[in-house]
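**Student:** This is the structure I have questions about; it appears just below.
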Amino acid sequence: MGKLATHAVIGLLWLLHWLPLRWLAALGWGLGALLHKVAGSRRRVALRNVELCFPAMPLAEREALVREHFGWLGRSLLERGLLWFASDRRLVRLMRIEGNIKLSEQVERPVMWLMPHFVGLDWIGPALMLNQARPGASIYQRQSNAVFDEALRKARSRFGTTKLVDRHDGVRSVLRAIRDGYSFLNLPDMDFGPKDSAFIPFFGVPANTLLAPAKIAQTMQMVVQPVVVTMLPKGEGIVIHAHEPLENYPSGDLEADANHFHRWLEQRILENPAQYFWVHKRFKTRPPGEASLYSR
């Protein structure tokens with residue numbers, strides 16, 4: 001996408017953010033229906049993921065789940081305008097907080113917020129920064145589009161004290177931020193390749209899984225609190241659920257900890273399956289000698 005087109009998209013998000021959430025939700029649902037039709041490769045990835053994770057689910061139900069998923073996905077894309085441009089007061093009004101979101105202020109050890117990939121994930125950073133006083137650091141994936149990269153960096157640094165650590169800078173930069181008093185916003189459930197990973201069952205399918213979350217938590221003696229976002233239907237708002245810290249995590253066994261988190265995450269997905277981020281190739285990396293699970 002060229003600079004002019006990128007500026008046009010950002011401008012459209014700015015215009016749309018003035019709409020009531022219920023209108024934005026309706027438009028997003030329509031966008032999702034369009035994406036479901038035209039984004040064939042991502043639709044096939046989502047269908048394949050759902051088939052792998054829910055093999056007993058009838059085909060018609062899997063297809064319906066993926067259609068619904070694209071509706072939520074379309075909503076999440078348009079609601080970026082709110083997160084990028086809406087006032088903090090408006091965002092706070094749209095959020096409903098469940099659980100102890102101020103945990104990081106109440107414990108002496110540093111806190112890691114585990115943020116699994118539900119479609120409304122981008123709401124969690126603002127929710128945390130607007131509802132507790134500790135600074136937060138997260139790993140940032142530099143965007144190839146310079147205009148979009150600048151806009152995204154600015155948007156993710158709007159509230160509180162936020163540090164974006166470039167993924168290319170490595171884990172040492174993360175550890176340095178934690179030592180400086182930052183809590184760590186960590187996205188633990190994507191396939192980033194075999195480095196520092198292990199194959200951990202996810203709905204019974206071996207999934208290449210980062211071991212870094214438990215390793216960092218163990219090294220820095222962190223309290224690990226999962227945070228999950230749920231988008232409510234028809235623009236009724238956003239629920240941010242700050243869960244209780246994971247028990248016996250880290251345990252000293254990195255693979256056992258990753259398995260522990262996957263079992264916990266599976267239960268959260270079963271509560272709201274259409275809002276998990278199914279369009280990511282979660283099973284892209286395979287054990288040596290095993291064929292790809294996705295059609296080429």
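By order of appearance in the structure tokens: chains A, B, ..., then residues from 1 within every chain, and ligands from 1 in the order shown.
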What's the 7 Å shell around stretch 75-78 of chain A, counting only C-alpha atoms, without same-chain residues fewer than 2 positions away, as a VMD selection string?
**Tutor:** chain A and resid 13 24 to 25 28 to 29 71 to 73 80 to 81 119 to 120
**Student:** Step one, run DSSP on the backbone; step two, keep only residues of stretch 91-205 of chain A assigned to helix (DSSP H, G or I); then write them as a ChimeraX atom specification.
**Tutor:** /A:91-94,103-106,121-131,146-156,167-169,171-179
**Student:** Please return, as a PDB file with N, CA, C and O atoms, in the first residue's frame, all residues of stretch 62-171 of chain A that DSSP assigns to strand (DSSP E or B) on the basis of the backbone.
**Tutor:**
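Contents of out-v4.pdb, freshly written:
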ATOM      1  N   MET A  95     -15.616   0.502  28.013  1.00  0.00           N
ATOM      2  CA  MET A  95     -15.056  -0.715  28.598  1.00  0.00           C
ATOM      3  C   MET A  95     -15.776  -1.106  29.884  1.00  0.00           C
ATOM      4  O   MET A  95     -16.156  -0.248  30.677  1.00  0.00           O
ATOM      5  N   ARG A  96     -15.913  -2.407  30.073  1.00  0.00           N
ATOM      6  CA  ARG A  96     -16.352  -2.933  31.358  1.00  0.00           C
ATOM      7  C   ARG A  96     -15.229  -3.808  31.898  1.00  0.00           C
ATOM      8  O   ARG A  96     -14.822  -4.774  31.252  1.00  0.00           O
ATOM      9  N   ILE A  97     -14.718  -3.444  33.047  1.00  0.00           N
ATOM     10  CA  ILE A  97     -13.580  -4.158  33.622  1.00  0.00           C
ATOM     11  C   ILE A  97     -14.085  -5.222  34.588  1.00  0.00           C
ATOM     12  O   ILE A  97     -14.892  -4.943  35.474  1.00  0.00           O
ATOM     13  N   GLU A  98     -13.605  -6.439  34.418  1.00  0.00           N
ATOM     14  CA  GLU A  98     -13.901  -7.527  35.345  1.00  0.00           C
ATOM     15  C   GLU A  98     -12.588  -8.053  35.908  1.00  0.00           C
ATOM     16  O   GLU A  98     -11.624  -8.258  35.176  1.00  0.00           O
ATOM     17  N   GLY A  99     -12.546  -8.280  37.201  1.00  0.00           N
ATOM     18  CA  GLY A  99     -11.330  -8.776  37.823  1.00  0.00           C
ATOM     19  C   GLY A  99     -10.446  -7.650  38.329  1.00  0.00           C
ATOM     20  O   GLY A  99     -10.790  -6.459  38.250  1.00  0.00           O
ATOM     21  N   VAL A 111       5.015  -7.647  37.156  1.00  0.00           N
ATOM     22  CA  VAL A 111       3.870  -8.386  36.617  1.00  0.00           C
ATOM     23  C   VAL A 111       4.033  -8.571  35.113  1.00  0.00           C
ATOM     24  O   VAL A 111       4.432  -7.652  34.398  1.00  0.00           O
ATOM     25  N   MET A 112       3.712  -9.776  34.656  1.00  0.00           N
ATOM     26  CA  MET A 112       3.578 -10.050  33.228  1.00  0.00           C
ATOM     27  C   MET A 112       2.104 -10.229  32.915  1.00  0.00           C
ATOM     28  O   MET A 112       1.430 -11.050  33.542  1.00  0.00           O
ATOM     29  N   TRP A 113       1.602  -9.451  31.990  1.00  0.00           N
ATOM     30  CA  TRP A 113       0.232  -9.628  31.514  1.00  0.00           C
ATOM     31  C   TRP A 113       0.259 -10.508  30.274  1.00  0.00           C
ATOM     32  O   TRP A 113       0.798 -10.116  29.228  1.00  0.00           O
ATOM     33  N   LEU A 114      -0.307 -11.703  30.364  1.00  0.00           N
ATOM     34  CA  LEU A 114      -0.419 -12.585  29.212  1.00  0.00           C
ATOM     35  C   LEU A 114      -1.693 -12.237  28.450  1.00  0.00           C
ATOM     36  O   LEU A 114      -2.789 -12.269  29.006  1.00  0.00           O
ATOM     37  N   PHE A 118      -7.281 -12.939  21.056  1.00  0.00           N
ATOM     38  CA  PHE A 118      -8.683 -12.784  20.682  1.00  0.00           C
ATOM     39  C   PHE A 118      -8.781 -11.545  19.793  1.00  0.00           C
ATOM     40  O   PHE A 118      -7.915 -10.666  19.841  1.00  0.00           O
ATOM     41  N   GLY A 136       4.060   0.240  31.308  1.00  0.00           N
ATOM     42  CA  GLY A 136       4.001  -1.044  30.618  1.00  0.00           C
ATOM     43  C   GLY A 136       4.913  -1.076  29.411  1.00  0.00           C
ATOM     44  O   GLY A 136       5.055  -0.080  28.688  1.00  0.00           O
ATOM     45  N   ALA A 137       5.518  -2.222  29.175  1.00  0.00           N
ATOM     46  CA  ALA A 137       6.374  -2.435  28.005  1.00  0.00           C
ATOM     47  C   ALA A 137       5.837  -3.607  27.203  1.00  0.00           C
ATOM     48  O   ALA A 137       5.356  -4.590  27.767  1.00  0.00           O
ATOM     49  N   SER A 138       5.903  -3.495  25.882  1.00  0.00           N
ATOM     50  CA  SER A 138       5.476  -4.597  25.026  1.00  0.00           C
ATOM     51  C   SER A 138       6.421  -4.710  23.836  1.00  0.00           C
ATOM     52  O   SER A 138       7.097  -3.736  23.475  1.00  0.00           O
ATOM     53  N   ILE A 139       6.455  -5.888  23.245  1.00  0.00           N
ATOM     54  CA  ILE A 139       7.282  -6.112  22.071  1.00  0.00           C
ATOM     55  C   ILE A 139       6.522  -5.626  20.842  1.00  0.00           C
ATOM     56  O   ILE A 139       5.339  -5.901  20.671  1.00  0.00           O
ATOM     57  N   TYR A 140       7.239  -4.901  19.992  1.00  0.00           N
ATOM     58  CA  TYR A 140       6.610  -4.302  18.816  1.00  0.00           C
ATOM     59  C   TYR A 140       7.238  -4.868  17.549  1.00  0.00           C
ATOM     60  O   TYR A 140       8.461  -4.921  17.433  1.00  0.00           O
ATOM     61  N   THR A 162       4.282   4.031  28.283  1.00  0.00           N
ATOM     62  CA  THR A 162       4.362   2.812  27.498  1.00  0.00           C
ATOM     63  C   THR A 162       5.674   2.779  26.727  1.00  0.00           C
ATOM     64  O   THR A 162       6.034   3.758  26.074  1.00  0.00           O
ATOM     65  N   LYS A 163       6.356   1.654  26.793  1.00  0.00           N
ATOM     66  CA  LYS A 163       7.597   1.462  26.042  1.00  0.00           C
ATOM     67  C   LYS A 163       7.379   0.336  25.040  1.00  0.00           C
ATOM     68  O   LYS A 163       6.936  -0.755  25.390  1.00  0.00           O
ATOM     69  N   LEU A 164       7.699   0.627  23.763  1.00  0.00           N
ATOM     70  CA  LEU A 164       7.598  -0.372  22.711  1.00  0.00           C
ATOM     71  C   LEU A 164       8.994  -0.896  22.407  1.00  0.00           C
ATOM     72  O   LEU A 164       9.857  -0.144  21.946  1.00  0.00           O
ATOM     73  N   VAL A 165       9.211  -2.172  22.659  1.00  0.00           N
ATOM     74  CA  VAL A 165      10.514  -2.799  22.448  1.00  0.00           C
ATOM     75  C   VAL A 165      10.502  -3.484  21.093  1.00  0.00           C
ATOM     76  O   VAL A 165       9.681  -4.382  20.849  1.00  0.00           O
ATOM     77  N   ASP A 166      11.371  -3.046  20.190  1.00  0.00           N
ATOM     78  CA  ASP A 166      11.445  -3.639  18.863  1.00  0.00           C
ATOM     79  C   ASP A 166      11.821  -5.122  18.979  1.00  0.00           C
ATOM     80  O   ASP A 166      12.760  -5.482  19.687  1.00  0.00           O
TER      81      ASP A 166
END
**Student:** Please provide the set of residues having any atom within 10 Å of A:Ala212, restricted to only C-alpha atoms, with same-chain residues fewer than 5 positions apart removed, written as a list in words.
**Tutor:**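 Near neighbours after the sequence-gap exclusion: Val171, Asn186, Pro188, Asp196, Ser197, Ala217, Gln218, Leu254 and Ala258 of chain A.
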**Student:** Output all heavy atoms for every residue in that selection, as a CSV table (one decimal), in the first residue's frame.
**Tutor:**
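Written out: selection-v6.csv:
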chain,number,residue,atom,x,y,z
A,171,VAL,N,15.4,-10.2,23.7
A,171,VAL,CA,14.9,-10.3,25.0
A,171,VAL,C,15.6,-9.4,26.0
A,171,VAL,O,15.0,-9.0,27.1
A,171,VAL,CB,14.9,-11.8,25.5
A,171,VAL,CG1,16.3,-12.3,25.8
A,171,VAL,CG2,14.0,-12.0,26.7
A,186,ASN,N,2.6,-9.3,27.2
A,186,ASN,CA,3.2,-10.4,26.4
A,186,ASN,C,2.1,-11.1,25.7
A,186,ASN,O,1.1,-11.5,26.2
A,186,ASN,CB,3.9,-11.3,27.4
A,186,ASN,CG,4.8,-12.3,26.6
A,186,ASN,OD1,4.9,-12.3,25.4
A,186,ASN,ND2,5.5,-13.2,27.3
A,188,PRO,N,1.5,-14.5,23.9
A,188,PRO,CA,2.2,-15.7,24.0
A,188,PRO,C,1.8,-16.8,23.0
A,188,PRO,O,2.4,-17.9,23.0
A,188,PRO,CB,1.9,-16.2,25.4
A,188,PRO,CG,0.5,-15.7,25.6
A,188,PRO,CD,0.3,-14.4,24.8
A,196,ASP,N,13.8,-21.2,20.3
A,196,ASP,CA,13.3,-21.0,21.7
A,196,ASP,C,11.9,-21.4,21.9
A,196,ASP,O,11.1,-20.8,22.6
A,196,ASP,CB,13.5,-19.5,22.1
A,196,ASP,CG,14.9,-19.1,22.1
A,196,ASP,OD1,15.8,-19.9,22.4
A,196,ASP,OD2,15.2,-17.9,21.7
A,197,SER,N,11.5,-22.5,21.1
A,197,SER,CA,10.1,-23.0,21.2
A,197,SER,C,10.1,-24.5,21.4
A,197,SER,O,11.1,-25.2,21.3
A,197,SER,CB,9.4,-22.6,19.9
A,197,SER,OG,9.3,-21.2,19.7
A,217,ALA,N,9.4,-14.9,33.0
A,217,ALA,CA,8.7,-14.9,34.3
A,217,ALA,C,9.6,-15.5,35.4
A,217,ALA,O,9.7,-15.0,36.5
A,217,ALA,CB,7.4,-15.5,34.3
A,218,GLN,N,10.3,-16.6,35.1
A,218,GLN,CA,11.1,-17.3,36.0
A,218,GLN,C,12.4,-16.4,36.3
A,218,GLN,O,12.7,-16.3,37.5
A,218,GLN,CB,11.5,-18.6,35.5
A,218,GLN,CG,12.4,-19.5,36.4
A,218,GLN,CD,12.7,-20.8,35.8
A,218,GLN,OE1,11.8,-21.5,35.2
A,218,GLN,NE2,13.9,-21.3,35.9
A,254,LEU,N,9.8,-25.3,31.7
A,254,LEU,CA,9.3,-24.4,30.7
A,254,LEU,C,8.2,-25.1,29.8
A,254,LEU,O,7.2,-24.4,29.5
A,254,LEU,CB,10.4,-23.9,29.8
A,254,LEU,CG,11.5,-23.1,30.4
A,254,LEU,CD1,12.5,-22.6,29.4
A,254,LEU,CD2,10.9,-21.9,31.2
A,258,ALA,N,4.2,-24.0,29.5
A,258,ALA,CA,3.5,-23.7,28.2
A,258,ALA,C,2.3,-24.6,28.1
A,258,ALA,O,1.2,-24.2,27.6
A,258,ALA,CB,4.5,-24.0,27.0
**Student:** Using only C-alpha atoms, which of the listed residues (A:Val228, A:Glu61, A:Glu290, A:Ala151) sits closest to A:Gly125?
**Tutor:** A:Val228
**Student:** For A:Glu244, work out the shell of residues within 8 Å, counting only C-alpha atoms and skipping chain neighbours fewer than 6 positions away, then give it as a list in words.
**Tutor:** Gly99, Asn100, Gln225 and Pro226 of chain A
**Student:** Those residues you just picked out, can you put them in a file as a PDB file, in the first residue's frame with N, CA, C and O atoms?
**Tutor:**
ATOM      1  N   GLY A  99     -12.546  -8.280  37.201  1.00  0.00           N
ATOM      2  CA  GLY A  99     -11.330  -8.776  37.823  1.00  0.00           C
ATOM      3  C   GLY A  99     -10.446  -7.650  38.329  1.00  0.00           C
ATOM      4  O   GLY A  99     -10.790  -6.459  38.250  1.00  0.00           O
ATOM      5  N   ASN A 100      -9.298  -8.028  38.835  1.00  0.00           N
ATOM      6  CA  ASN A 100      -8.394  -7.088  39.502  1.00  0.00           C
ATOM      7  C   ASN A 100      -7.387  -6.528  38.504  1.00  0.00           C
ATOM      8  O   ASN A 100      -6.271  -7.040  38.362  1.00  0.00           O
ATOM      9  N   GLN A 225      -0.322 -12.660  35.062  1.00  0.00           N
ATOM     10  CA  GLN A 225      -1.772 -12.455  35.064  1.00  0.00           C
ATOM     11  C   GLN A 225      -2.303 -12.446  33.627  1.00  0.00           C
ATOM     12  O   GLN A 225      -1.961 -11.562  32.846  1.00  0.00           O
ATOM     13  N   PRO A 226      -3.147 -13.402  33.262  1.00  0.00           N
ATOM     14  CA  PRO A 226      -3.753 -13.360  31.924  1.00  0.00           C
ATOM     15  C   PRO A 226      -4.861 -12.307  31.862  1.00  0.00           C
ATOM     16  O   PRO A 226      -5.596 -12.088  32.838  1.00  0.00           O
TER      17      PRO A 226
END
